[in-house]
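Shown here: model-v1.txt, compact mmCIF, N, CA and C atoms.
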# COMPACT_ATOMS: atom_id res chain seq x y z
N LEU S 1 115.46 87.26 -53.48
CA LEU S 1 114.96 86.14 -52.69
C LEU S 1 115.63 86.08 -51.32
N THR S 2 116.89 86.44 -51.29
CA THR S 2 117.59 86.44 -50.01
C THR S 2 116.90 87.37 -49.04
N TYR S 3 116.54 88.58 -49.50
CA TYR S 3 115.89 89.56 -48.62
C TYR S 3 114.53 89.06 -48.17
N ALA S 4 113.79 88.44 -49.08
CA ALA S 4 112.43 87.99 -48.76
C ALA S 4 112.42 86.95 -47.64
N THR S 5 113.44 86.14 -47.54
CA THR S 5 113.45 85.08 -46.53
C THR S 5 114.31 85.43 -45.32
N TRP S 6 114.95 86.57 -45.34
CA TRP S 6 115.89 86.95 -44.30
C TRP S 6 115.25 87.01 -42.92
N GLU S 7 114.11 87.69 -42.81
CA GLU S 7 113.47 87.84 -41.50
C GLU S 7 112.92 86.50 -41.01
N GLU S 8 112.49 85.66 -41.94
CA GLU S 8 111.96 84.36 -41.55
C GLU S 8 113.02 83.48 -40.88
N LYS S 9 114.28 83.72 -41.13
CA LYS S 9 115.36 82.92 -40.56
C LYS S 9 115.76 83.40 -39.17
N GLY S 10 114.99 84.31 -38.58
CA GLY S 10 115.24 84.76 -37.23
C GLY S 10 116.30 85.85 -37.13
N GLN S 11 116.62 86.52 -38.20
CA GLN S 11 117.59 87.59 -38.17
C GLN S 11 117.02 88.79 -37.42
N ILE S 12 117.87 89.52 -36.77
CA ILE S 12 117.45 90.69 -36.00
C ILE S 12 117.16 91.85 -36.95
N THR S 13 116.05 92.51 -36.71
CA THR S 13 115.71 93.69 -37.50
C THR S 13 115.91 94.93 -36.63
N GLU S 14 115.99 96.06 -37.31
CA GLU S 14 116.20 97.33 -36.62
C GLU S 14 115.37 98.39 -37.31
N ARG S 15 115.27 99.55 -36.67
CA ARG S 15 114.58 100.68 -37.30
C ARG S 15 115.52 101.24 -38.36
N VAL S 16 115.01 101.39 -39.58
CA VAL S 16 115.82 101.89 -40.69
C VAL S 16 115.13 103.11 -41.29
N ASP S 17 115.82 104.23 -41.29
CA ASP S 17 115.31 105.46 -41.90
C ASP S 17 115.67 105.40 -43.39
N LEU S 18 114.68 105.15 -44.22
CA LEU S 18 114.94 104.97 -45.66
C LEU S 18 115.47 106.24 -46.32
N ARG S 19 115.12 107.40 -45.80
CA ARG S 19 115.67 108.65 -46.35
C ARG S 19 117.18 108.71 -46.10
N GLU S 20 117.60 108.35 -44.91
CA GLU S 20 119.03 108.34 -44.60
C GLU S 20 119.77 107.31 -45.46
N VAL S 21 119.15 106.16 -45.65
CA VAL S 21 119.77 105.12 -46.47
C VAL S 21 119.90 105.60 -47.91
N ALA S 22 118.84 106.17 -48.46
CA ALA S 22 118.87 106.65 -49.84
C ALA S 22 119.92 107.74 -50.00
N GLN S 23 119.99 108.67 -49.06
CA GLN S 23 120.98 109.76 -49.13
C GLN S 23 122.40 109.21 -49.03
N SER S 24 122.59 108.23 -48.18
CA SER S 24 123.91 107.60 -48.03
C SER S 24 124.35 106.93 -49.34
N VAL S 25 123.44 106.24 -49.98
CA VAL S 25 123.75 105.59 -51.26
C VAL S 25 124.06 106.64 -52.33
N ILE S 26 123.28 107.70 -52.38
CA ILE S 26 123.53 108.79 -53.34
C ILE S 26 124.93 109.36 -53.11
N ASN S 27 125.31 109.56 -51.85
CA ASN S 27 126.64 110.08 -51.54
C ASN S 27 127.74 109.12 -51.98
N ARG S 28 127.52 107.81 -51.77
CA ARG S 28 128.52 106.82 -52.18
C ARG S 28 128.65 106.74 -53.70
N LEU S 29 127.56 106.99 -54.42
CA LEU S 29 127.58 106.91 -55.89
C LEU S 29 127.79 108.27 -56.55
N LYS S 30 128.19 109.28 -55.77
CA LYS S 30 128.27 110.65 -56.31
C LYS S 30 129.21 110.77 -57.50
N HIS S 31 130.29 110.00 -57.53
CA HIS S 31 131.21 110.09 -58.67
C HIS S 31 130.56 109.52 -59.93
N LEU S 32 129.88 108.40 -59.81
CA LEU S 32 129.17 107.82 -60.95
C LEU S 32 128.05 108.75 -61.40
N ILE S 33 127.33 109.32 -60.46
CA ILE S 33 126.24 110.23 -60.79
C ILE S 33 126.78 111.45 -61.54
N LYS S 34 127.88 112.01 -61.06
CA LYS S 34 128.47 113.18 -61.71
C LYS S 34 129.03 112.80 -63.09
N GLU S 35 129.73 111.68 -63.16
CA GLU S 35 130.36 111.23 -64.40
C GLU S 35 129.35 110.99 -65.51
N THR S 36 128.18 110.50 -65.16
CA THR S 36 127.13 110.19 -66.15
C THR S 36 126.13 111.33 -66.30
N GLN S 37 126.37 112.43 -65.61
CA GLN S 37 125.48 113.59 -65.63
C GLN S 37 124.05 113.20 -65.22
N SER S 38 123.98 112.28 -64.30
CA SER S 38 122.68 111.83 -63.79
C SER S 38 122.19 112.79 -62.72
N GLU S 39 120.91 112.71 -62.46
CA GLU S 39 120.30 113.48 -61.37
C GLU S 39 119.47 112.52 -60.55
N VAL S 40 119.69 112.53 -59.24
CA VAL S 40 118.93 111.68 -58.34
C VAL S 40 118.23 112.58 -57.34
N ILE S 41 116.91 112.45 -57.27
CA ILE S 41 116.10 113.31 -56.41
C ILE S 41 115.28 112.46 -55.45
N ILE S 42 115.33 112.80 -54.18
CA ILE S 42 114.41 112.20 -53.21
C ILE S 42 113.22 113.14 -53.16
N GLU S 43 112.10 112.71 -53.74
CA GLU S 43 110.95 113.60 -53.94
C GLU S 43 110.04 113.74 -52.73
N SER S 44 110.01 112.76 -51.87
CA SER S 44 109.07 112.82 -50.76
C SER S 44 109.73 112.26 -49.51
N GLU S 45 109.04 112.43 -48.40
CA GLU S 45 109.52 111.84 -47.17
C GLU S 45 109.47 110.32 -47.31
N LEU S 46 110.51 109.67 -46.86
CA LEU S 46 110.54 108.22 -46.87
C LEU S 46 110.36 107.73 -45.44
N PRO S 47 109.74 106.59 -45.26
CA PRO S 47 109.41 106.14 -43.91
C PRO S 47 110.59 105.53 -43.17
N ILE S 48 110.38 105.38 -41.89
CA ILE S 48 111.25 104.56 -41.06
C ILE S 48 110.57 103.20 -40.98
N VAL S 49 111.32 102.15 -41.32
CA VAL S 49 110.75 100.81 -41.36
C VAL S 49 111.60 99.87 -40.51
N ARG S 50 111.11 98.67 -40.31
CA ARG S 50 111.89 97.64 -39.62
C ARG S 50 112.56 96.78 -40.68
N GLY S 51 113.82 96.52 -40.50
CA GLY S 51 114.55 95.70 -41.45
C GLY S 51 116.02 95.73 -41.12
N ASN S 52 116.84 95.52 -42.13
CA ASN S 52 118.27 95.49 -41.97
C ASN S 52 118.87 96.60 -42.83
N THR S 53 119.60 97.49 -42.21
CA THR S 53 120.18 98.64 -42.93
C THR S 53 121.03 98.19 -44.10
N PHE S 54 121.84 97.18 -43.92
CA PHE S 54 122.70 96.68 -44.98
C PHE S 54 121.88 96.26 -46.20
N HIS S 55 120.81 95.52 -45.97
CA HIS S 55 119.98 95.06 -47.09
C HIS S 55 119.29 96.22 -47.81
N PHE S 56 118.80 97.21 -47.06
CA PHE S 56 118.17 98.36 -47.72
C PHE S 56 119.21 99.16 -48.50
N ASN S 57 120.43 99.24 -47.99
CA ASN S 57 121.50 99.89 -48.75
C ASN S 57 121.73 99.17 -50.07
N GLN S 58 121.76 97.84 -50.02
CA GLN S 58 121.95 97.06 -51.25
C GLN S 58 120.82 97.31 -52.24
N ILE S 59 119.60 97.34 -51.75
CA ILE S 59 118.45 97.55 -52.63
C ILE S 59 118.53 98.92 -53.32
N PHE S 60 118.74 99.97 -52.53
CA PHE S 60 118.82 101.31 -53.13
C PHE S 60 120.01 101.43 -54.07
N GLN S 61 121.15 100.88 -53.68
CA GLN S 61 122.33 100.97 -54.54
C GLN S 61 122.09 100.25 -55.86
N ASN S 62 121.51 99.06 -55.82
CA ASN S 62 121.22 98.32 -57.05
C ASN S 62 120.23 99.06 -57.94
N LEU S 63 119.19 99.61 -57.34
CA LEU S 63 118.18 100.32 -58.13
C LEU S 63 118.77 101.56 -58.80
N ILE S 64 119.52 102.37 -58.05
CA ILE S 64 120.09 103.59 -58.61
C ILE S 64 121.16 103.24 -59.65
N HIS S 65 122.04 102.31 -59.32
CA HIS S 65 123.10 101.92 -60.25
C HIS S 65 122.51 101.37 -61.55
N ASN S 66 121.50 100.53 -61.45
CA ASN S 66 120.87 99.97 -62.65
C ASN S 66 120.15 101.02 -63.47
N ALA S 67 119.54 101.99 -62.80
CA ALA S 67 118.87 103.07 -63.53
C ALA S 67 119.87 103.87 -64.35
N ILE S 68 121.07 104.05 -63.82
CA ILE S 68 122.12 104.76 -64.56
C ILE S 68 122.69 103.87 -65.65
N LYS S 69 122.97 102.63 -65.32
CA LYS S 69 123.58 101.69 -66.26
C LYS S 69 122.70 101.43 -67.48
N PHE S 70 121.41 101.29 -67.27
CA PHE S 70 120.50 100.92 -68.36
C PHE S 70 119.67 102.11 -68.83
N LYS S 71 120.30 103.28 -68.86
CA LYS S 71 119.61 104.51 -69.26
C LYS S 71 119.33 104.51 -70.77
N HIS S 72 118.41 105.37 -71.17
CA HIS S 72 118.13 105.61 -72.58
C HIS S 72 119.34 106.31 -73.19
N ASN S 73 119.75 105.89 -74.36
CA ASN S 73 120.96 106.45 -74.99
C ASN S 73 120.89 107.93 -75.30
N GLU S 74 119.70 108.44 -75.49
CA GLU S 74 119.55 109.84 -75.90
C GLU S 74 119.11 110.78 -74.77
N ARG S 75 119.04 110.27 -73.54
CA ARG S 75 118.62 111.09 -72.41
C ARG S 75 119.54 110.89 -71.23
N LEU S 76 119.71 111.95 -70.46
CA LEU S 76 120.46 111.84 -69.22
C LEU S 76 119.56 111.21 -68.16
N PRO S 77 120.12 110.38 -67.30
CA PRO S 77 119.30 109.73 -66.27
C PRO S 77 118.74 110.73 -65.26
N LEU S 78 117.45 110.63 -65.01
CA LEU S 78 116.77 111.36 -63.95
C LEU S 78 116.08 110.31 -63.09
N ILE S 79 116.57 110.16 -61.88
CA ILE S 79 116.08 109.12 -60.98
C ILE S 79 115.35 109.79 -59.84
N LYS S 80 114.08 109.46 -59.69
CA LYS S 80 113.25 110.04 -58.63
C LYS S 80 112.89 108.96 -57.62
N ILE S 81 113.17 109.25 -56.37
CA ILE S 81 112.84 108.33 -55.28
C ILE S 81 111.68 108.94 -54.52
N SER S 82 110.60 108.19 -54.42
CA SER S 82 109.43 108.73 -53.71
C SER S 82 108.65 107.59 -53.07
N LEU S 83 107.71 107.98 -52.26
CA LEU S 83 106.84 107.03 -51.56
C LEU S 83 105.45 107.14 -52.14
N LYS S 84 104.87 106.01 -52.44
CA LYS S 84 103.47 105.96 -52.88
C LYS S 84 102.73 105.07 -51.91
N GLN S 85 101.84 105.67 -51.14
CA GLN S 85 101.06 104.90 -50.19
C GLN S 85 99.79 104.39 -50.84
N GLU S 86 99.50 103.14 -50.57
CA GLU S 86 98.27 102.53 -51.08
C GLU S 86 97.46 102.01 -49.90
N GLU S 87 96.20 101.83 -50.13
CA GLU S 87 95.34 101.29 -49.09
C GLU S 87 95.72 99.86 -48.81
N ASP S 88 95.50 99.45 -47.56
CA ASP S 88 95.76 98.05 -47.20
C ASP S 88 94.87 97.14 -48.00
N ILE S 89 95.44 96.04 -48.37
CA ILE S 89 94.65 95.06 -49.15
C ILE S 89 94.01 94.08 -48.21

What's the C-alpha cells form of this structure?
Amino acid sequence: LTYATWEEKGQITERVDLREVAQSVINRLKHLIKETQSEVIIESELPIVRGNTFHFNQIFQNLIHNAIKFKHNERLPLIKISLKQEEDI
C-alpha cells in the first residue's frame, strides 16, 4: 500500500532499469541463494520504468526472498524473472 500511494504524495520519480535492479538484488542475496541451492534467472529483457529505485529494490528483494523462504520441501527453488506484456485495457 505504501508503494501504491507513494507517487500520489508528490514524491519524485526517476528512470529505473528493472534489469539492473533485479541483478543488484540477486547479487545482494547471493549468499542466501547459494546456501539454499536456489537458482534465480532473469529470462527476458526488463523495461526501464518511472518510479523509485529503492522501492523497486524492496519489491524484488521481497519477492525473491519469499520465493526461497516458502519453497516446496522436496524441490530446490527455481525463480524466473520475466516480463509478460499484455494489451492495454

Residue contacts of Gln85 of chain S (12 Å, only C-alpha atoms) excluding same-chain residues fewer than 4 positions away, as a PyMOL selection string
chain S and resi 44-47+89

Of S:Leu32, S:Ile48, S:Val40, S:Leu83, the one sitting nearest Glu20 of chain S when using only C-alpha atoms is S:Ile48

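Separating atom CA of Pro77 of chain S from atom CA of Lys30 of chain S is a distance of 13.4 Å.
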
Per-residue DSSP, chain S, filtered to strand (DSSP E or B), as a PyMOL selection string:
chain S and resi 14-17+39-42+48-51+78-81

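Each of S:Ile42, S:Ile68, S:Ile81, S:Leu76 was checked against Leu29 of chain S using only C-alpha atoms; the smallest atom-to-atom distance is that of S:Ile68.
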
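Closest approach to Val25 of chain S among S:Gln11, S:Gln37, S:Gln61, S:His55: S:Gln61, based on only N, CA and C atoms.
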
d(atom CA of Lys84 of chain S, atom CA of Leu18 of chain S) in Å
13.6 Å

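With only C-alpha atoms as the atoms that count, the minimum distance from Val16 of chain S to the choices S:Asp88, S:Ile41, S:Asn52, S:Thr36 is reached by S:Asn52.
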
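The shell of residues at most 8 Å from Val21 of chain S, with all atoms listed in the file counted and near chain neighbours (fewer than 2 positions) removed, consists of Val16, Asp17, Leu18, Arg19, Gln23, Ser24, Val25, Ile26, Asn27, Thr53, Phe56, Asn57, Phe60 and Gln61 of chain S.
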
All heavy atoms are what I want for segment 65-76 of chain S; can you complete it accordingly and write them as a PDB file, in the coordinates of the input?
ATOM      1  N   HIS S  65     122.040 102.310 -59.320  1.00  0.00           N
ATOM      2  CA  HIS S  65     123.100 101.920 -60.250  1.00  0.00           C
ATOM      3  C   HIS S  65     122.510 101.370 -61.550  1.00  0.00           C
ATOM      4  O   HIS S  65     122.955 101.722 -62.650  1.00  0.00           O
ATOM      5  CB  HIS S  65     124.027 100.895 -59.603  1.00  0.00           C
ATOM      6  CG  HIS S  65     125.228 100.596 -60.420  1.00  0.00           C
ATOM      7  ND1 HIS S  65     125.260  99.561 -61.320  1.00  0.00           N
ATOM      8  CD2 HIS S  65     126.432 101.208 -60.497  1.00  0.00           C
ATOM      9  CE1 HIS S  65     126.446  99.541 -61.916  1.00  0.00           C
ATOM     10  NE2 HIS S  65     127.177 100.532 -61.429  1.00  0.00           N
ATOM     11  N   ASN S  66     121.500 100.530 -61.450  1.00  0.00           N
ATOM     12  CA  ASN S  66     120.870  99.970 -62.650  1.00  0.00           C
ATOM     13  C   ASN S  66     120.150 101.020 -63.470  1.00  0.00           C
ATOM     14  O   ASN S  66     120.147 100.971 -64.701  1.00  0.00           O
ATOM     15  CB  ASN S  66     119.926  98.826 -62.299  1.00  0.00           C
ATOM     16  CG  ASN S  66     120.665  97.569 -61.914  1.00  0.00           C
ATOM     17  OD1 ASN S  66     121.854  97.414 -62.188  1.00  0.00           O
ATOM     18  ND2 ASN S  66     119.970  96.660 -61.252  1.00  0.00           N
ATOM     19  N   ALA S  67     119.540 101.990 -62.800  1.00  0.00           N
ATOM     20  CA  ALA S  67     118.870 103.070 -63.530  1.00  0.00           C
ATOM     21  C   ALA S  67     119.870 103.870 -64.350  1.00  0.00           C
ATOM     22  O   ALA S  67     119.572 104.306 -65.468  1.00  0.00           O
ATOM     23  CB  ALA S  67     118.129 103.987 -62.557  1.00  0.00           C
ATOM     24  N   ILE S  68     121.070 104.050 -63.820  1.00  0.00           N
ATOM     25  CA  ILE S  68     122.120 104.760 -64.560  1.00  0.00           C
ATOM     26  C   ILE S  68     122.690 103.870 -65.650  1.00  0.00           C
ATOM     27  O   ILE S  68     122.860 104.293 -66.793  1.00  0.00           O
ATOM     28  CB  ILE S  68     123.234 105.236 -63.594  1.00  0.00           C
ATOM     29  CG1 ILE S  68     122.678 106.305 -62.644  1.00  0.00           C
ATOM     30  CG2 ILE S  68     124.443 105.756 -64.371  1.00  0.00           C
ATOM     31  CD1 ILE S  68     123.603 106.665 -61.507  1.00  0.00           C
ATOM     32  N   LYS S  69     122.970 102.630 -65.320  1.00  0.00           N
ATOM     33  CA  LYS S  69     123.580 101.690 -66.260  1.00  0.00           C
ATOM     34  C   LYS S  69     122.700 101.430 -67.480  1.00  0.00           C
ATOM     35  O   LYS S  69     123.190 101.339 -68.602  1.00  0.00           O
ATOM     36  CB  LYS S  69     123.876 100.373 -65.531  1.00  0.00           C
ATOM     37  CG  LYS S  69     124.560  99.328 -66.375  1.00  0.00           C
ATOM     38  CD  LYS S  69     124.844  98.087 -65.551  1.00  0.00           C
ATOM     39  CE  LYS S  69     125.500  97.000 -66.361  1.00  0.00           C
ATOM     40  NZ  LYS S  69     125.780  95.810 -65.537  1.00  0.00           N
ATOM     41  N   PHE S  70     121.410 101.290 -67.270  1.00  0.00           N
ATOM     42  CA  PHE S  70     120.500 100.920 -68.360  1.00  0.00           C
ATOM     43  C   PHE S  70     119.670 102.110 -68.830  1.00  0.00           C
ATOM     44  O   PHE S  70     118.518 101.982 -69.208  1.00  0.00           O
ATOM     45  CB  PHE S  70     119.592  99.773 -67.912  1.00  0.00           C
ATOM     46  CG  PHE S  70     120.358  98.535 -67.556  1.00  0.00           C
ATOM     47  CD1 PHE S  70     120.474  98.119 -66.239  1.00  0.00           C
ATOM     48  CD2 PHE S  70     120.994  97.791 -68.538  1.00  0.00           C
ATOM     49  CE1 PHE S  70     121.188  96.980 -65.899  1.00  0.00           C
ATOM     50  CE2 PHE S  70     121.720  96.649 -68.214  1.00  0.00           C
ATOM     51  CZ  PHE S  70     121.809  96.246 -66.896  1.00  0.00           C
ATOM     52  N   LYS S  71     120.300 103.280 -68.860  1.00  0.00           N
ATOM     53  CA  LYS S  71     119.610 104.510 -69.260  1.00  0.00           C
ATOM     54  C   LYS S  71     119.330 104.510 -70.770  1.00  0.00           C
ATOM     55  O   LYS S  71     119.945 103.787 -71.534  1.00  0.00           O
ATOM     56  CB  LYS S  71     120.442 105.725 -68.888  1.00  0.00           C
ATOM     57  CG  LYS S  71     121.713 105.864 -69.721  1.00  0.00           C
ATOM     58  CD  LYS S  71     122.471 107.119 -69.369  1.00  0.00           C
ATOM     59  CE  LYS S  71     123.687 107.304 -70.242  1.00  0.00           C
ATOM     60  NZ  LYS S  71     123.406 107.504 -71.651  1.00  0.00           N
ATOM     61  N   HIS S  72     118.410 105.370 -71.170  1.00  0.00           N
ATOM     62  CA  HIS S  72     118.130 105.610 -72.580  1.00  0.00           C
ATOM     63  C   HIS S  72     119.340 106.310 -73.190  1.00  0.00           C
ATOM     64  O   HIS S  72     119.907 107.217 -72.582  1.00  0.00           O
ATOM     65  CB  HIS S  72     116.881 106.497 -72.709  1.00  0.00           C
ATOM     66  CG  HIS S  72     116.376 106.644 -74.097  1.00  0.00           C
ATOM     67  ND1 HIS S  72     116.987 107.461 -75.009  1.00  0.00           N
ATOM     68  CD2 HIS S  72     115.332 106.066 -74.731  1.00  0.00           C
ATOM     69  CE1 HIS S  72     116.334 107.403 -76.157  1.00  0.00           C
ATOM     70  NE2 HIS S  72     115.324 106.561 -76.008  1.00  0.00           N
ATOM     71  N   ASN S  73     119.750 105.890 -74.360  1.00  0.00           N
ATOM     72  CA  ASN S  73     120.960 106.450 -74.990  1.00  0.00           C
ATOM     73  C   ASN S  73     120.890 107.930 -75.300  1.00  0.00           C
ATOM     74  O   ASN S  73     121.913 108.602 -75.380  1.00  0.00           O
ATOM     75  CB  ASN S  73     121.284 105.681 -76.284  1.00  0.00           C
ATOM     76  CG  ASN S  73     121.762 104.278 -75.997  1.00  0.00           C
ATOM     77  OD1 ASN S  73     122.300 104.002 -74.936  1.00  0.00           O
ATOM     78  ND2 ASN S  73     121.555 103.383 -76.939  1.00  0.00           N
ATOM     79  N   GLU S  74     119.700 108.440 -75.490  1.00  0.00           N
ATOM     80  CA  GLU S  74     119.550 109.840 -75.900  1.00  0.00           C
ATOM     81  C   GLU S  74     119.110 110.780 -74.770  1.00  0.00           C
ATOM     82  O   GLU S  74     118.814 111.937 -75.021  1.00  0.00           O
ATOM     83  CB  GLU S  74     118.568 109.924 -77.074  1.00  0.00           C
ATOM     84  CG  GLU S  74     119.072 109.166 -78.296  1.00  0.00           C
ATOM     85  CD  GLU S  74     118.072 109.145 -79.430  1.00  0.00           C
ATOM     86  OE1 GLU S  74     117.056 109.865 -79.354  1.00  0.00           O
ATOM     87  OE2 GLU S  74     118.306 108.393 -80.388  1.00  0.00           O
ATOM     88  N   ARG S  75     119.040 110.270 -73.540  1.00  0.00           N
ATOM     89  CA  ARG S  75     118.620 111.090 -72.410  1.00  0.00           C
ATOM     90  C   ARG S  75     119.540 110.890 -71.230  1.00  0.00           C
ATOM     91  O   ARG S  75     120.029 109.789 -71.004  1.00  0.00           O
ATOM     92  CB  ARG S  75     117.198 110.713 -71.980  1.00  0.00           C
ATOM     93  CG  ARG S  75     116.142 111.158 -72.946  1.00  0.00           C
ATOM     94  CD  ARG S  75     114.772 110.854 -72.395  1.00  0.00           C
ATOM     95  NE  ARG S  75     114.164 109.894 -73.322  1.00  0.00           N
ATOM     96  CZ  ARG S  75     113.338 108.943 -72.984  1.00  0.00           C
ATOM     97  NH1 ARG S  75     112.981 108.786 -71.740  1.00  0.00           N
ATOM     98  NH2 ARG S  75     112.834 108.138 -73.881  1.00  0.00           N
ATOM     99  N   LEU S  76     119.710 111.950 -70.460  1.00  0.00           N
ATOM    100  CA  LEU S  76     120.460 111.840 -69.220  1.00  0.00           C
ATOM    101  C   LEU S  76     119.560 111.210 -68.160  1.00  0.00           C
ATOM    102  O   LEU S  76     118.357 111.486 -68.114  1.00  0.00           O
ATOM    103  CB  LEU S  76     120.929 113.220 -68.761  1.00  0.00           C
ATOM    104  CG  LEU S  76     121.907 113.931 -69.695  1.00  0.00           C
ATOM    105  CD1 LEU S  76     122.221 115.320 -69.166  1.00  0.00           C
ATOM    106  CD2 LEU S  76     123.175 113.123 -69.867  1.00  0.00           C
TER     107      LEU S  76
END
